[in-house]
>>> print(open('structure-v3.cif').read())   # mmCIF, C-alpha atoms
data_query
loop_
_atom_site.label_atom_id
_atom_site.label_comp_id
_atom_site.auth_asym_id
_atom_site.auth_seq_id
_atom_site.Cartn_x
_atom_site.Cartn_y
_atom_site.Cartn_z
CA MET A 23 151.60 9.49 10.29
CA ASP A 24 152.49 11.07 13.63
CA SER A 25 151.80 14.53 12.24
CA ASP A 26 148.18 13.58 11.46
CA TRP A 27 147.60 12.61 15.09
CA GLU A 28 149.38 15.75 16.27
CA ARG A 29 146.79 17.91 14.51
CA LEU A 30 143.82 16.36 16.32
CA PRO A 31 142.10 19.19 18.30
CA ARG A 32 142.98 19.20 21.99
CA ASP A 33 139.29 19.38 22.99
CA LEU A 34 138.67 16.12 21.17
CA VAL A 35 141.77 14.54 22.74
CA ASP A 36 140.50 15.52 26.20
CA LEU A 37 137.09 13.97 25.48
CA ILE A 38 138.79 10.70 24.54
CA LEU A 39 140.95 10.73 27.68
CA GLN A 40 137.94 11.24 29.93
CA ARG A 41 136.61 7.84 28.89
CA PHE A 42 139.66 5.94 30.13
CA GLY A 43 139.59 4.11 33.45
CA SER A 44 142.82 2.13 33.38
CA LEU A 45 146.38 3.38 33.55
CA SER A 46 147.31 1.13 30.64
CA ASP A 47 144.75 2.98 28.48
CA TYR A 48 146.68 6.22 29.04
CA PHE A 49 149.97 4.48 28.22
CA LYS A 50 148.63 3.11 24.96
CA PHE A 51 147.11 6.46 24.01
CA GLY A 52 150.24 8.45 24.87
CA ALA A 53 152.46 6.17 22.79
CA ALA A 54 150.84 7.44 19.56
CA CYS A 55 152.65 10.78 19.44
CA LYS A 56 154.27 13.45 21.61
CA ALA A 57 151.19 15.67 21.85
CA TRP A 58 149.02 12.81 23.06
CA TYR A 59 151.73 11.77 25.53
CA SER A 60 151.72 15.24 27.13
CA ALA A 61 147.92 15.33 27.22
CA ALA A 62 147.78 11.91 28.85
CA LEU A 63 150.20 12.98 31.60
CA GLU A 64 148.14 16.07 32.40
CA THR A 65 144.94 14.03 32.62
CA ILE A 66 146.52 11.36 34.81
CA ASN A 67 147.65 14.02 37.28
CA CYS A 68 144.06 15.16 37.75
CA MET A 69 142.14 11.90 37.57
CA LEU A 70 144.47 9.24 39.00
CA PRO A 71 146.10 10.70 42.14
CA GLN A 72 147.13 7.29 43.51
CA GLN A 73 148.82 4.69 41.35
CA LEU A 74 149.10 0.96 41.82
CA PRO A 75 152.74 -0.16 41.63
CA MET A 76 153.63 -2.04 38.48
CA LEU A 77 156.31 -4.62 37.91
CA MET A 78 158.93 -3.50 35.42
CA VAL A 79 160.25 -6.53 33.52
CA SER A 80 163.15 -6.77 31.06
CA ASN A 81 162.13 -7.58 27.50
CA ASP A 82 163.55 -10.12 25.06
CA VAL A 83 164.88 -7.10 23.17
CA GLU A 84 168.02 -5.60 24.71
CA ASP A 85 167.50 -2.37 26.69
CA ILE A 86 163.70 -2.63 26.42
CA TRP A 87 161.43 -3.17 29.41
CA ASN A 88 157.72 -3.81 29.83
CA LEU A 89 155.27 -3.14 32.63
CA TYR A 90 153.32 -5.97 34.21
CA SER A 91 149.94 -4.87 35.56
CA ILE A 92 148.83 -6.61 38.75
CA LYS A 93 145.31 -5.32 38.18
CA GLU A 94 145.03 -6.63 34.62
CA LYS A 95 147.34 -9.63 35.17
CA LYS A 96 149.22 -9.11 31.93
CA LEU A 97 152.18 -7.37 30.34
CA LEU A 98 151.20 -4.00 28.94
CA PRO A 99 152.15 -3.18 25.35
CA LEU A 100 154.04 -0.04 26.33
CA GLN A 101 157.80 -0.47 25.89
CA LEU A 102 160.21 1.54 28.02
CA PRO A 103 163.75 2.15 26.69
CA VAL A 104 166.10 1.67 29.64
CA PRO A 105 169.69 1.27 28.36
CA TYR A 106 171.29 -0.16 31.49
CA LYS A 107 172.74 -3.60 32.09
CA LYS A 108 173.58 -3.17 35.77
CA PRO A 109 170.90 -4.20 38.27
CA PHE A 110 168.54 -1.52 39.52
CA VAL A 111 169.04 -0.86 43.22
CA GLY A 112 166.13 1.42 43.96
CA SER A 113 162.86 2.82 42.67
CA SER A 114 161.37 6.00 44.14
CA TYR A 115 158.79 8.41 42.66
CA GLY A 116 159.10 6.67 39.30
CA TRP A 117 162.90 7.09 39.24
CA LEU A 118 165.16 4.07 38.86
CA VAL A 119 168.57 4.01 40.53
CA THR A 120 171.47 2.13 38.99
CA MET A 121 175.26 2.01 39.28
CA GLU A 122 177.76 2.61 36.49
CA GLU A 123 181.05 0.78 35.90
CA ASP A 124 182.96 3.44 37.87
CA PHE A 125 180.45 3.11 40.79
CA SER A 126 178.84 6.44 39.99
CA VAL A 127 175.09 6.53 40.53
CA SER A 128 172.51 7.29 37.84
CA LEU A 129 168.88 8.27 38.33
CA LEU A 130 166.69 7.43 35.36
CA ASN A 131 163.00 8.15 34.87
CA PRO A 132 161.72 6.03 31.97
CA PHE A 133 158.29 7.68 32.07
CA TYR A 134 159.77 11.05 31.05
CA LEU A 135 161.46 9.61 27.98
CA VAL A 136 159.07 10.97 25.35
CA PRO A 137 158.68 8.59 22.40
CA GLY A 138 160.80 9.75 19.50
CA LYS A 139 162.89 12.10 21.60
CA LYS A 140 166.59 11.37 21.71
CA GLY A 141 169.13 12.37 24.32
CA CYS A 142 168.90 12.98 28.04
CA ASN A 143 167.15 15.76 29.90
CA PRO A 144 166.94 16.76 33.60
CA SER A 145 163.48 15.20 33.83
CA ALA A 146 164.75 11.82 32.68
CA PHE A 147 168.40 11.45 33.72
CA ILE A 148 170.56 12.65 36.64
CA ALA A 149 174.20 11.69 37.22
CA LEU A 150 175.58 11.49 40.76
CA PRO A 151 179.19 10.95 41.96
CA PRO A 152 180.69 7.50 42.59
CA VAL A 153 179.98 5.73 45.87
CA GLN A 154 183.25 4.58 47.39
CA PRO A 155 183.82 3.59 51.00
CA PRO A 156 186.69 5.37 52.78
CA LYS A 157 188.62 2.08 52.87
CA PRO A 158 187.38 0.22 49.82
CA ASN A 159 187.24 -3.54 49.79
CA VAL A 160 189.14 -4.16 46.55
CA PHE A 161 187.67 -7.59 45.83
CA TRP A 162 184.11 -6.40 46.40
CA ALA A 163 184.53 -3.21 44.36
CA GLN A 164 185.98 -4.98 41.35
CA TYR A 165 183.82 -8.04 41.10
CA SER A 166 180.39 -7.26 42.53
CA ASP A 167 177.52 -5.74 40.60
CA TYR A 168 175.89 -5.20 43.97
CA HIS A 169 178.23 -2.63 45.46
CA ILE A 170 175.05 -0.63 46.10
CA HIS A 171 172.33 -2.76 47.68
CA LYS A 172 169.53 -0.23 48.10
CA ALA A 173 168.92 3.42 47.19
CA VAL A 174 166.14 5.67 48.50
CA LEU A 175 165.11 9.16 47.36
CA SER A 176 163.54 11.68 49.73
CA ALA A 177 161.49 13.41 47.00
CA ASN A 178 160.87 13.58 43.28
CA PRO A 179 163.85 15.37 41.64
CA VAL A 180 161.48 16.93 39.09
CA SER A 181 159.23 18.66 41.63
CA SER A 182 161.96 19.20 44.29
CA PRO A 183 165.22 19.72 42.35
CA ASP A 184 166.83 21.78 45.13
CA ASP A 185 165.70 19.72 48.10
CA TYR A 186 165.78 16.02 47.28
CA MET A 187 168.32 13.71 48.91
CA VAL A 188 169.53 10.17 48.25
CA MET A 189 170.60 7.53 50.76
CA VAL A 190 172.26 4.23 49.83
CA ILE A 191 173.21 1.00 51.56
CA PHE A 192 176.51 -0.06 50.01
CA GLY A 193 179.62 -2.20 50.18
CA ALA A 194 180.55 -5.58 51.57
CA TYR A 195 179.49 -4.50 55.07
CA PHE A 196 176.16 -2.86 54.13
CA HIS A 197 176.97 0.62 55.42
CA LEU A 198 175.18 3.93 54.77
CA ALA A 199 175.99 7.01 52.67
CA PHE A 200 173.93 10.00 51.58
CA ILE A 201 174.12 12.95 49.21
CA ARG A 202 172.21 16.22 48.78
CA PRO A 203 172.72 16.76 45.02
CA SER A 204 171.94 20.49 44.98
CA ARG A 205 174.80 21.28 47.40
CA ASP A 206 177.05 18.21 47.77
CA LYS A 207 179.76 17.25 45.31
CA GLU A 208 180.41 13.88 46.93
CA TRP A 209 178.75 11.34 49.16
CA THR A 210 178.87 11.59 52.95
CA TYR A 211 179.57 8.29 54.68
CA VAL A 212 177.83 7.50 57.91
CA SER A 213 180.22 6.47 60.70
CA GLN A 214 180.99 2.84 60.00
CA ASP A 215 180.62 0.40 62.86
CA TRP A 216 180.05 -3.32 62.69
CA ARG A 217 176.31 -2.98 62.07
CA GLN A 218 174.94 -4.05 58.73
CA TYR A 219 171.82 -2.31 57.46
CA GLY A 220 169.04 -4.25 55.80
CA ASP A 221 166.81 -1.47 54.50
CA ALA A 222 166.24 2.30 54.51
CA ILE A 223 163.25 4.58 54.05
CA TYR A 224 162.42 8.29 53.95
CA TYR A 225 159.68 8.72 56.54
CA GLN A 226 158.24 11.88 58.09
CA ASP A 227 160.95 14.15 56.65
CA HIS A 228 163.87 11.98 57.77
CA PHE A 229 165.73 8.88 56.67
CA TYR A 230 165.53 5.74 58.78
CA ALA A 231 167.56 2.56 58.44
CA VAL A 232 167.12 -0.80 60.13
CA ASP A 233 170.10 -2.99 60.95
CA GLN A 234 170.22 -6.77 60.92
CA ASN A 235 169.25 -6.90 64.60
CA GLY A 236 166.12 -4.82 64.08
CA ARG A 237 167.52 -1.61 65.60
CA LEU A 238 166.18 1.55 63.96
CA LEU A 239 168.60 4.36 63.10
CA TYR A 240 167.21 7.91 62.82
CA CYS A 241 169.02 10.02 60.21
CA ASP A 242 168.55 13.80 59.98
CA VAL A 243 170.72 14.94 57.05
CA THR A 244 168.95 18.16 56.06
CA ASP A 245 171.58 20.42 57.70
CA LYS A 246 174.18 19.20 60.17
CA PRO A 247 173.81 15.41 60.06
CA ILE A 248 172.41 13.77 63.19
CA PHE A 249 172.32 9.99 63.61
CA LYS A 250 170.90 8.16 66.60
CA TYR A 251 169.24 4.88 67.39
CA LEU A 252 165.66 5.23 68.56
CA PRO A 253 165.26 4.01 72.13
CA SER A 254 162.87 1.11 71.73
CA ASN A 255 162.45 -2.53 72.45
CA GLN A 256 164.30 -4.69 69.98
CA PRO A 257 161.93 -6.88 67.95
CA GLN A 258 162.67 -10.57 68.12
CA VAL A 259 164.01 -10.78 64.58
CA MET A 260 166.49 -13.16 63.02
CA ASP A 261 169.76 -11.48 62.12
CA TRP A 262 169.98 -13.39 58.82
CA SER A 263 166.44 -12.54 57.70
CA LYS A 264 165.57 -10.06 54.94
CA LYS A 265 164.05 -6.86 56.31
CA TYR A 266 161.90 -4.17 54.71
CA LEU A 267 160.78 -0.77 55.98
CA VAL A 268 157.51 0.55 54.54
CA LYS A 269 155.01 3.27 55.35
CA SER A 270 151.47 2.00 55.84
CA ILE A 271 148.39 3.67 54.35
CA LEU A 272 147.71 5.03 57.86
CA GLY A 273 151.13 6.68 58.00
CA GLU A 274 152.66 4.13 60.37
CA LEU A 275 156.18 2.78 59.99
CA LEU A 276 156.18 -0.99 59.44
CA LEU A 277 159.03 -3.49 59.57
CA VAL A 278 158.49 -6.62 57.51
CA GLU A 279 160.72 -9.60 58.20
CA ARG A 280 161.16 -12.37 55.65
CA ILE A 281 162.60 -15.52 57.24
CA LYS A 282 163.79 -18.54 55.29
CA LYS A 283 163.46 -21.67 57.41
CA TRP A 284 166.20 -24.18 56.71
CA THR A 285 165.39 -27.86 56.51
CA SER A 286 167.52 -30.98 56.53
CA GLU A 287 166.50 -31.92 52.98
CA GLU A 288 168.92 -30.33 50.53
CA ASP A 289 166.61 -30.34 47.51
CA SER A 290 163.44 -29.20 49.20
CA ASP A 291 161.96 -25.73 48.91
CA HIS A 292 162.69 -23.90 52.12
CA PRO A 293 159.49 -22.54 53.70
CA ILE A 294 159.22 -18.79 54.17
CA GLU A 295 157.84 -17.13 57.28
CA ILE A 296 156.68 -13.49 57.23
CA LYS A 297 156.42 -11.26 60.31
CA VAL A 298 155.21 -7.66 60.43
CA TRP A 299 156.03 -5.14 63.16
CA LYS A 300 154.55 -1.68 63.72
CA LEU A 301 156.46 1.16 65.38
CA ILE A 302 154.48 2.66 68.25
CA ILE A 303 155.58 6.17 69.26
CA SER A 304 154.32 7.79 72.46
CA CYS A 305 155.46 10.30 75.06
CA GLU A 306 157.10 7.41 76.88
CA GLY A 307 159.23 6.47 73.91
CA SER A 308 158.89 4.05 71.02
CA LYS A 309 158.49 0.32 70.67
CA TRP A 310 157.94 -2.33 68.02
CA MET A 311 154.71 -4.32 68.20
CA GLU A 312 154.06 -7.39 66.08
CA ILE A 313 150.80 -7.27 64.11
CA LYS A 314 148.90 -10.09 62.44
CA SER A 315 146.86 -8.04 59.97
CA ILE A 316 147.28 -4.95 57.79
CA GLY A 317 143.55 -4.66 57.07
CA ASP A 318 142.64 -3.19 53.68
CA SER A 319 146.29 -2.47 52.91
CA ALA A 320 148.44 -4.10 50.28
CA LEU A 321 152.21 -3.78 50.66
CA PHE A 322 154.60 -3.91 47.70
CA LEU A 323 158.11 -4.88 48.73
CA GLY A 324 161.39 -5.21 46.87
CA ASP A 325 163.71 -2.44 45.69
CA ASN A 326 160.68 -0.17 45.99
CA ASN A 327 158.53 -0.36 49.12
CA SER A 328 155.04 1.16 49.08
CA SER A 329 151.47 0.58 50.21
CA VAL A 330 148.00 1.18 48.78
CA ILE A 331 144.37 0.81 49.81
CA ALA A 332 143.54 -2.47 48.14
CA SER A 333 139.81 -1.79 47.81
CA ASN A 334 140.61 1.18 45.53
CA PHE A 335 142.07 -1.20 42.95
CA PRO A 336 140.02 -4.14 41.65
CA GLY A 337 142.21 -7.22 41.53
CA CYS A 338 144.50 -6.05 44.35
CA HIS A 339 144.25 -8.32 47.40
CA PRO A 340 143.78 -6.71 50.85
CA ASN A 341 145.77 -7.81 53.90
CA SER A 342 148.48 -9.01 51.52
CA ILE A 343 152.14 -8.42 50.77
CA TYR A 344 153.35 -8.40 47.16
CA PHE A 345 156.98 -9.51 46.85
CA THR A 346 158.92 -9.10 43.62
CA ASP A 347 160.11 -12.70 43.60
CA LEU A 348 157.90 -14.71 45.98
CA GLY A 349 154.46 -13.67 44.83
CA VAL A 350 151.57 -12.54 47.03
CA TYR A 351 151.57 -13.38 50.74
CA ASP A 352 148.14 -13.57 52.38
CA MET A 353 148.51 -12.55 56.02
CA GLU A 354 145.28 -14.26 57.03
CA THR A 355 146.12 -17.70 55.63
CA GLY A 356 149.92 -17.42 55.77
CA SER A 357 150.18 -18.71 52.20
CA PHE A 358 151.73 -17.53 48.93
CA THR A 359 150.14 -17.31 45.50
CA PRO A 360 151.79 -16.17 42.25
CA HIS A 361 151.02 -12.67 41.03
CA TYR A 362 151.96 -13.60 37.46
CA THR A 363 149.68 -15.49 35.12
CA THR A 364 150.92 -18.85 33.84
CA ASP A 365 151.66 -17.43 30.39
CA ASN A 366 154.06 -14.86 31.83
CA VAL A 367 155.98 -17.01 34.33
CA ARG A 368 158.36 -18.46 31.74
CA ARG A 369 159.14 -15.04 30.30
CA LEU A 370 159.81 -13.53 33.71
CA LYS A 371 162.14 -16.38 34.65
CA MET A 372 164.08 -15.87 31.41
CA ALA A 373 164.47 -12.11 32.00
CA ARG A 374 168.07 -10.94 32.01
CA GLN A 375 167.52 -8.70 35.03
CA ARG A 376 165.32 -9.12 38.06
CA PRO A 377 161.98 -7.26 37.95
CA ILE A 378 161.43 -4.17 40.07
CA TRP A 379 158.32 -2.41 41.38
CA ILE A 380 157.82 1.08 39.99
CA VAL A 381 155.11 3.67 40.62
CA PRO A 382 154.37 5.97 37.67
CA PRO A 383 155.32 9.49 38.87
CA PHE A 384 152.45 11.32 37.26
CA LYS A 385 151.42 12.91 40.56
CA PRO A 386 154.69 14.33 42.02
CA LYS A 387 154.77 14.60 45.82
#
>>> encode(input="structure-v3.cif", output="structure tokens")
Amino acid sequence: MDSDWERLPRDLVDLILQRFGSLSDYFKFGAACKAWYSAALETINCMLPQQLPMLMVSNDVEDIWNLYSIKEKKLLPLQLPVPYKKPFVGSSYGWLVTMEEDFSVSLLNPFYLVPGKKGCNPSAFIALPPVQPPKPNVFWAQYSDYHIHKAVLSANPVSSPDDYMVMVIFGAYFHLAFIRPSRDKEWTYVSQDWRQYGDAIYYQDHFYAVDQNGRLLYCDVTDKPIFKYLPSNQPQVMDWSKKYLVKSILGELLLVERIKKWTSEEDSDHPIEIKVWKLIISCEGSKWMEIKSIGDSALFLGDNNSSVIASNFPGCHPNSIYFTDLGVYDMETGSFTPHYTTDNVRRLKMARQRPIWIVPPFKPK
């Protein structure tokens, strides 16, 4: 049956593709056969330069994942084969980052796994060396699936195979390591002090990491590594809060703090407070400034942090923060609403692995 679809003239295929307006339409079309898959990718590159992040959710079938569309509020029929049981620790440019049993790191791009094609290829799978601290914590290394807490890529390995870099937050003490795969055979470990890092980001051609006290570390690892804390005021953050670094649609660096407020009632749901800080850089230095609104932006936070112009995507709420687990936070009202429909909540709760935001990499940057 596939061969019949393969023989459909390309001009006719292009005419069909021009009538699509939703990313899920391209997914459904491309799943028919390899030729249509390639044509769909080419069309998406030209017509859909900015993608709305989607939630990748584990399926009832082992090693199969689905995409949940925030715009359409439903699980898309496209199935992605992702044969990994370890938690994903990062998602950049459509690539998923996971850790193997020997603590080696794997980069996997499920969107480049052409239906019907077996085996791995450089556009779909990249193996990196194990991440081991200089003085490994034996208990942590043997029993934790979360030896790597977060991984960030500097660029798409497909479009920048000789230049991309990877930084991870790892180990019991949440330290940093990085690798330049085209020239490094092992990871380089950042000098380990007592600081624990909560998140990392690649921003304006450099890595940045924020520690639990809100201090921002500048990391230049392109040649001879340079690490320094930016001289700035320290935001009044809680050291036990969850922190996210994200680039705004205006190109600003934002720090989002997620604070769980403890109550005296053991069985009650602990309220969550969200604070957002913007880094202001001037000739006099840099400083964090708390902001109460992100305007027409929508932030997507989790193991992948990104932002979009909400008005470009019907169904995407402006001035809101989409969390993988908490739902949608409205900065104006200070309230949360679920981003899943009722029919999908039970399935998501039963998923074997936690969901993760992923941006289809059809427009490499």
>>> residues_around(input="structure-v3.cif", residues="range 348-359 of chain A", least_positions_apart="4", cutoff="10 Å", atoms="only C-alpha atoms", output="short mmCIF file (atom, residue, chain, number, x, y, z; two decimals) with C-alpha atoms, in the coordinates of the input")
data_model
loop_
_atom_site.label_atom_id
_atom_site.label_comp_id
_atom_site.auth_asym_id
_atom_site.auth_seq_id
_atom_site.Cartn_x
_atom_site.Cartn_y
_atom_site.Cartn_z
CA ILE A 294 159.22 -18.79 54.17
CA GLU A 295 157.84 -17.13 57.28
CA ILE A 296 156.68 -13.49 57.23
CA LYS A 297 156.42 -11.26 60.31
CA VAL A 298 155.21 -7.66 60.43
CA ILE A 313 150.80 -7.27 64.11
CA LYS A 314 148.90 -10.09 62.44
CA SER A 315 146.86 -8.04 59.97
CA ILE A 316 147.28 -4.95 57.79
CA GLY A 317 143.55 -4.66 57.07
CA ALA A 320 148.44 -4.10 50.28
CA LEU A 321 152.21 -3.78 50.66
CA PHE A 322 154.60 -3.91 47.70
CA CYS A 338 144.50 -6.05 44.35
CA HIS A 339 144.25 -8.32 47.40
CA PRO A 340 143.78 -6.71 50.85
CA ASN A 341 145.77 -7.81 53.90
CA SER A 342 148.48 -9.01 51.52
CA ILE A 343 152.14 -8.42 50.77
CA TYR A 344 153.35 -8.40 47.16
#
>>> resolve_selection(input="structure-v3.cif", expression="the PyMOL selection byres ((chain A and resi 80) around 9)", output="list in words")
Met78, Val79, Asn81, Asp82, Val83, Glu84, Asp85, Ile86, Trp87, Asn88, Leu89, Leu370, Ala373, Arg374, Gln375, Arg376 and Pro377 of chain A
>>> residues_around(input="structure-v3.cif", residues="range 168-172 of chain A", least_positions_apart="6", cutoff="12 Å", atoms="all atoms listed in the file", output="JSON, numbers by chain")
{"A": [108, 109, 110, 111, 112, 113, 114, 118, 119, 120, 121, 122, 123, 124, 125, 126, 127, 128, 152, 153, 154, 155, 158, 159, 160, 161, 162, 188, 189, 190, 191, 192, 193, 194, 195, 196, 197, 198, 199, 200, 218, 219, 220, 221, 222, 223, 231, 265, 266, 267, 324, 325, 326, 327]}
>>> write_last_selection(input="structure-v3.cif", atoms="C-alpha atoms", output="mmCIF file, in the frame of the given file")
data_model
loop_
_atom_site.group_PDB
_atom_site.id
_atom_site.type_symbol
_atom_site.label_atom_id
_atom_site.label_comp_id
_atom_site.auth_asym_id
_atom_site.auth_seq_id
_atom_site.Cartn_x
_atom_site.Cartn_y
_atom_site.Cartn_z
ATOM 1 C CA LYS A 108 173.580 -3.170 35.770
ATOM 2 C CA PRO A 109 170.900 -4.200 38.270
ATOM 3 C CA PHE A 110 168.540 -1.520 39.520
ATOM 4 C CA VAL A 111 169.040 -0.860 43.220
ATOM 5 C CA GLY A 112 166.130 1.420 43.960
ATOM 6 C CA SER A 113 162.860 2.820 42.670
ATOM 7 C CA SER A 114 161.370 6.000 44.140
ATOM 8 C CA LEU A 118 165.160 4.070 38.860
ATOM 9 C CA VAL A 119 168.570 4.010 40.530
ATOM 10 C CA THR A 120 171.470 2.130 38.990
ATOM 11 C CA MET A 121 175.260 2.010 39.280
ATOM 12 C CA GLU A 122 177.760 2.610 36.490
ATOM 13 C CA GLU A 123 181.050 0.780 35.900
ATOM 14 C CA ASP A 124 182.960 3.440 37.870
ATOM 15 C CA PHE A 125 180.450 3.110 40.790
ATOM 16 C CA SER A 126 178.840 6.440 39.990
ATOM 17 C CA VAL A 127 175.090 6.530 40.530
ATOM 18 C CA SER A 128 172.510 7.290 37.840
ATOM 19 C CA PRO A 152 180.690 7.500 42.590
ATOM 20 C CA VAL A 153 179.980 5.730 45.870
ATOM 21 C CA GLN A 154 183.250 4.580 47.390
ATOM 22 C CA PRO A 155 183.820 3.590 51.000
ATOM 23 C CA PRO A 158 187.380 0.220 49.820
ATOM 24 C CA ASN A 159 187.240 -3.540 49.790
ATOM 25 C CA VAL A 160 189.140 -4.160 46.550
ATOM 26 C CA PHE A 161 187.670 -7.590 45.830
ATOM 27 C CA TRP A 162 184.110 -6.400 46.400
ATOM 28 C CA VAL A 188 169.530 10.170 48.250
ATOM 29 C CA MET A 189 170.600 7.530 50.760
ATOM 30 C CA VAL A 190 172.260 4.230 49.830
ATOM 31 C CA ILE A 191 173.210 1.000 51.560
ATOM 32 C CA PHE A 192 176.510 -0.060 50.010
ATOM 33 C CA GLY A 193 179.620 -2.200 50.180
ATOM 34 C CA ALA A 194 180.550 -5.580 51.570
ATOM 35 C CA TYR A 195 179.490 -4.500 55.070
ATOM 36 C CA PHE A 196 176.160 -2.860 54.130
ATOM 37 C CA HIS A 197 176.970 0.620 55.420
ATOM 38 C CA LEU A 198 175.180 3.930 54.770
ATOM 39 C CA ALA A 199 175.990 7.010 52.670
ATOM 40 C CA PHE A 200 173.930 10.000 51.580
ATOM 41 C CA GLN A 218 174.940 -4.050 58.730
ATOM 42 C CA TYR A 219 171.820 -2.310 57.460
ATOM 43 C CA GLY A 220 169.040 -4.250 55.800
ATOM 44 C CA ASP A 221 166.810 -1.470 54.500
ATOM 45 C CA ALA A 222 166.240 2.300 54.510
ATOM 46 C CA ILE A 223 163.250 4.580 54.050
ATOM 47 C CA ALA A 231 167.560 2.560 58.440
ATOM 48 C CA LYS A 265 164.050 -6.860 56.310
ATOM 49 C CA TYR A 266 161.900 -4.170 54.710
ATOM 50 C CA LEU A 267 160.780 -0.770 55.980
ATOM 51 C CA GLY A 324 161.390 -5.210 46.870
ATOM 52 C CA ASP A 325 163.710 -2.440 45.690
ATOM 53 C CA ASN A 326 160.680 -0.170 45.990
ATOM 54 C CA ASN A 327 158.530 -0.360 49.120
#
>>> residues_around(input="structure-v3.cif", residues="Pro382 in chain A", least_positions_apart="4", cutoff="9 Å", atoms="only C-alpha atoms", output="short mmCIF file (atom, residue, chain, number, x, y, z; two decimals) with C-alpha atoms, keeping the file's coordinate frame")
data_model
loop_
_atom_site.label_atom_id
_atom_site.label_comp_id
_atom_site.auth_asym_id
_atom_site.auth_seq_id
_atom_site.Cartn_x
_atom_site.Cartn_y
_atom_site.Cartn_z
CA GLN A 73 148.82 4.69 41.35
CA LEU A 74 149.10 0.96 41.82
CA PRO A 75 152.74 -0.16 41.63
CA MET A 76 153.63 -2.04 38.48
CA TYR A 115 158.79 8.41 42.66
CA GLY A 116 159.10 6.67 39.30
CA TRP A 117 162.90 7.09 39.24
CA PHE A 133 158.29 7.68 32.07
#
>>> closest_residue(input="structure-v3.cif", among="A:Leu63, A:Leu276, A:Ile148, A:Met311", to="Tyr48 in chain A", atoms="only C-alpha atoms")
A:Leu63
>>> atom_distance(input="structure-v3.cif", atom1="CA of Leu102 in chain A", atom2="CA of Pro132 in chain A")
6.2 Å
>>> closest_residue(input="structure-v3.cif", among="A:Ser304, A:Thr244, A:Thr346, A:Asn235", to="Ser263 in chain A", atoms="only C-alpha atoms")
A:Asn235
>>> resolve_selection(input="structure-v3.cif", expression="the PyMOL selection byres ((chain A and resi 240) around 9)", output="list in words")
His228, Phe229, Tyr230, Ala231, Leu238, Leu239, Cys241, Asp242, Ile248, Phe249, Lys250, Tyr251 and Leu252 of chain A
>>> write_last_selection(input="structure-v3.cif", atoms="C-alpha atoms", output="compact mmCIF listing (two decimals), in the coordinates of the input")
# COMPACT_ATOMS: atom_id res chain seq x y z
CA HIS A 228 163.87 11.98 57.77
CA PHE A 229 165.73 8.88 56.67
CA TYR A 230 165.53 5.74 58.78
CA ALA A 231 167.56 2.56 58.44
CA LEU A 238 166.18 1.55 63.96
CA LEU A 239 168.60 4.36 63.10
CA CYS A 241 169.02 10.02 60.21
CA ASP A 242 168.55 13.80 59.98
CA ILE A 248 172.41 13.77 63.19
CA PHE A 249 172.32 9.99 63.61
CA LYS A 250 170.90 8.16 66.60
CA TYR A 251 169.24 4.88 67.39
CA LEU A 252 165.66 5.23 68.56
>>> atom_distance(input="structure-v3.cif", atom1="CA of Gly52 in chain A", atom2="CA of Leu37 in chain A")
14.3 Å
>>> residues_around(input="structure-v3.cif", residues="Ile38 in chain A", least_positions_apart="5", cutoff="10 Å", atoms="all atoms listed in the file", output="list in words")
Arg32, Asp33 and Phe51 of chain A
>>> atom_distance(input="structure-v3.cif", atom1="CA of Leu130 in chain A", atom2="CA of Ser181 in chain A")
14.9 Å
>>> closest_residue(input="structure-v3.cif", among="A:Leu100, A:Leu30, A:Leu175, A:Ile92", to="Lys50 in chain A", atoms="all atoms listed in the file")
A:Leu100
>>> closest_residue(input="structure-v3.cif", among="A:Leu323, A:Ala332, A:Ile281, A:Cys305", to="Ile380 in chain A", atoms="only C-alpha atoms")
A:Leu323
